[in-house]
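Asker: Quick one: the structure is below, and I'll ask about it shortly.
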Amino acid sequence: MQWMSPKEYEKMNQKASPPTPVWKTVPMAFLFGGIICTIGQLCSMLYQNLGADLETASASTSITLIFLAALLTGLNVFDKIAKIGGAGCLVPITGFSNAVVSPALEFKAEGLVLGLGAKMFVIAGPVIVYGITASVIYGILCRLFGW
Amino acid sequence: MPEKVGKATIKLGSSPSVYAFAAVGSKKEEEGPLGKYFDIIQQDSFFGQSSWEKAESQMQKQAVSKALEKGSLAPGDIDFIFAGDLLNQCTGSTYGLRELEIPFIGLFGACSTMAESLGLASLFVDCGAAARCAAVTSSHFCSAERQFRYPLEYASQRAPTSQWTATASGSVIVAKDILPPYVRSVTFGTIEDLQIKDANNMGAAMAPAAASTLIQFFEDTGTNQENYDLILTGDLGFVGSRLFRELTAKKGYPGVAEKHGDCGLMLYDRENQAEIYAGGSGCGCSASVLCSYILPAMREGRLQRVLFMATGALMSPTVVQQGESIPSIAHLIYLSAQPWQEKGEGSSWNG
């Protein structure tokens with residue numbers, strides 16, 4: 001198509017394409033992220049009241065949220081919540097749980113090894129790779145500078 | 001006999017007949033405005049199978065079987081079958097049609113495959129290589145999601161420009177017959193690429209291909225939109241349709257907008273059905289709209305002359321991740337309720 005340049009077409013495209021409705025998605029993400037963190041806080045307080053120290057209570061809270069998100073993913077509910085809550089559901093640890101469980105469910109049709117096992121970290125993998133890389137770099141810097 | 005007209009159009013002198021057709025859909029397609037016109041609706045999107053790929057294969061087989069049944073034909077009556085879908089290795093077609101034992105020609109034209117297969121089937125019949133050919137395509141939301149995007153349960157929000165892959169299939173039988181509608185010509189499109197890189201905006205990627213093929217057809221035949229009842233694009237959706245109308249208007253055909261319809265906007269109700277966003281898409285979208293609504297309307301005489309132009313984004317997720325843009329294609333089928341005549345009305349492109 002020689003009578004239209006990609007640059008000119010991009011301008012037309014931007015005019016024709018509806019933008020993400022941020023006036024709706026951002027407050028919803030704030031609300032849902034806040035709700036999830038509040039549930040986490042309540043869990044933490046509950047575990048501390050039951051006699052756990054802060055560190056144990058924090059770890060238990062993470063485990064609880066991971067479990068709940070995995071369960072809701074398996075029950076076909078989590079993605080429906082996230083359709084409304086958006087990044088509010090993804091940024092807390094619940095998003096990570098969903099990112100591992102959903103491919104595990106999806107690819108179990110191809111078997112436990114080459115399907116579920118191989119594809120389980122297809123979404124969460126990069127988070128783990130760069131998370132570990134960052135922690136190694138931070139560890140080296142701590143050692144060098146005595147932080 | 002086929003005769004080349006202009007640069008890319010082939011006139012099919014014998015006007016092959018679109019003899020029988022059938023459309024299969026699932027729940028969301030039934031809820032859409034065209035739901036009641038489908039031949040088969042499967043509430044179970046697994047189609048009684050154990051995986052999404054098997055479900056799509058089963059759906060495509062049902063579409064062909066239903067079209068054969070409606071035409072009182074057996075698989076052995078079909079000389080060649082042209083088929084394709086969106087999955088790697090055209091899984092839906094190869095696995096769905098393997099039991100039918102019809103000589104098989106697998107095609108990949110992304111969402112343009114319905115026009116591609118119908119065009120080739122008509123050409124085979126017109127040139128005398130076959131008495132009857134079948135053309136079929138399908139797409140399944142769930143098999144497409146897992147191949148091109150994310151697992152179904154993954155918590156993601158879709159972009160407003162994204163489209164919903166139809167869980168649908170359409171099949172036609174083309175034959176030397178006297179049943180309307182007739183295929184008067186086919187125009188094969190060129191690969192167009194205006195550097196759209198957003199895989200969530202296929203409509204924008206495909207609109208230039210649709211505009212280019214339509215304009216080529218107009219130039220080849222010396223006609224314009226006034227000669228047709230409907231210019232039907234495949235799955236441009238809301239964004240792509242708007243761009244298609246703007247592009248054709250810029251090139252001197254502002255009237256196209258009045259005759260334009262888009263299968264992606266007809267299959268679903270964007271306002272009242274959840275998550276449709278910019279409209280429907282997938283090989284099954286244009287195929288099922290054609291076979292459920294357009295072809296019956298032509299047979300009953302409610303539509304006389306239709307330009308069916310399925311559009312395909314020839315996207316490879318791998319290459320797009322490498323930073324490439326999305327090339328697109330559109331093929332045009334000129335369908336008419338009247339066959340070509342020797343002389344007088346119906347003998348020229350204009351009438």
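Convention: chains lettered A, B, ... in structure tokens order; per-chain residue numbering from 1; ligands numbered from 1 as shown.
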Dump as a PyMOL selection string the residues of chain B that approach chain A to within 9 Å, counting only C-alpha atoms.

Answerer: chain B and resi 50-51+146+150-161+192-196+201+204+208-209+212+238-240+242-243+246-247+251

Asker: Would you list the contacts of stretch 96-104 of chain B as a list in words, taking every protein, DNA or RNA residue within 6 Å and counting only C-alpha atoms, but skipping same-chain residues closer than 6 positions in sequence?

Answerer: Ser57, Gln58, Gln60, Lys61, Phe80 and Ile81 of chain B

Asker: Residues of the last selection are to be written out with C-alpha atoms, as a CSV table (one decimal), in the first residue's frame.

Answerer:
chain,number,residue,atom,x,y,z
B,57,SER,CA,-11.7,-30.4,15.4
B,58,GLN,CA,-15.0,-31.9,16.4
B,60,GLN,CA,-15.2,-28.4,12.2
B,61,LYS,CA,-16.3,-31.9,11.5
B,80,PHE,CA,-11.7,-31.8,-2.7
B,81,ILE,CA,-11.9,-30.1,0.6

Asker: At what distance in Å, to one decimal, does atom CA of B:Thr165 lie from atom CA of B:Ala278?

Answerer: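 Value for the atom CA of B:Ala278-atom CA of B:Thr165 distance: 11.0 Å.
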
Asker: Excluding B:Glu56 and any residue of its chain fewer than 5 positions from it, enumerate the residues within 7 Å of it, using only C-alpha atoms, and give them as a list in words.

Answerer: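 Once the adjacent positions are removed, what remains is Gly92, Ser139 and His140 of chain B.
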
Asker: With 6 Å as the cut-off and only C-alpha atoms counted, what is the closest atom pair between each nearby residue of stretch 255-313 of chain B and stretch 27-48 of chain B? Distances in Å to one decimal, ordered by chain and number, as a tab-separated table.

Answerer:
residue	atom	partner	partner_atom	distance
B:Leu267	CA	B:Gly32	CA	5.9
B:Tyr268	CA	B:Gly32	CA	4.4
B:Asp269	CA	B:Gly32	CA	5.7
B:Ser292	CA	B:Phe38	CA	5.1

Asker: Write out as a PyMOL selection string which residues come within 6 Å of B:Pro2 when counting only C-alpha atoms, dropping same-chain ones fewer than 5 positions away.

Answerer: chain B and resi 11-13

Asker: Output the selection as a JSON list (two decimals), in the first residue's frame - C-alpha atoms for each residue.

Answerer:
[["chain", "number", "residue", "atom", "x", "y", "z"],
["B", 11, "LYS", "CA", -13.94, -14.07, -13.19],
["B", 12, "LEU", "CA", -15.60, -17.46, -12.82],
["B", 13, "GLY", "CA", -17.54, -17.77, -16.06]]
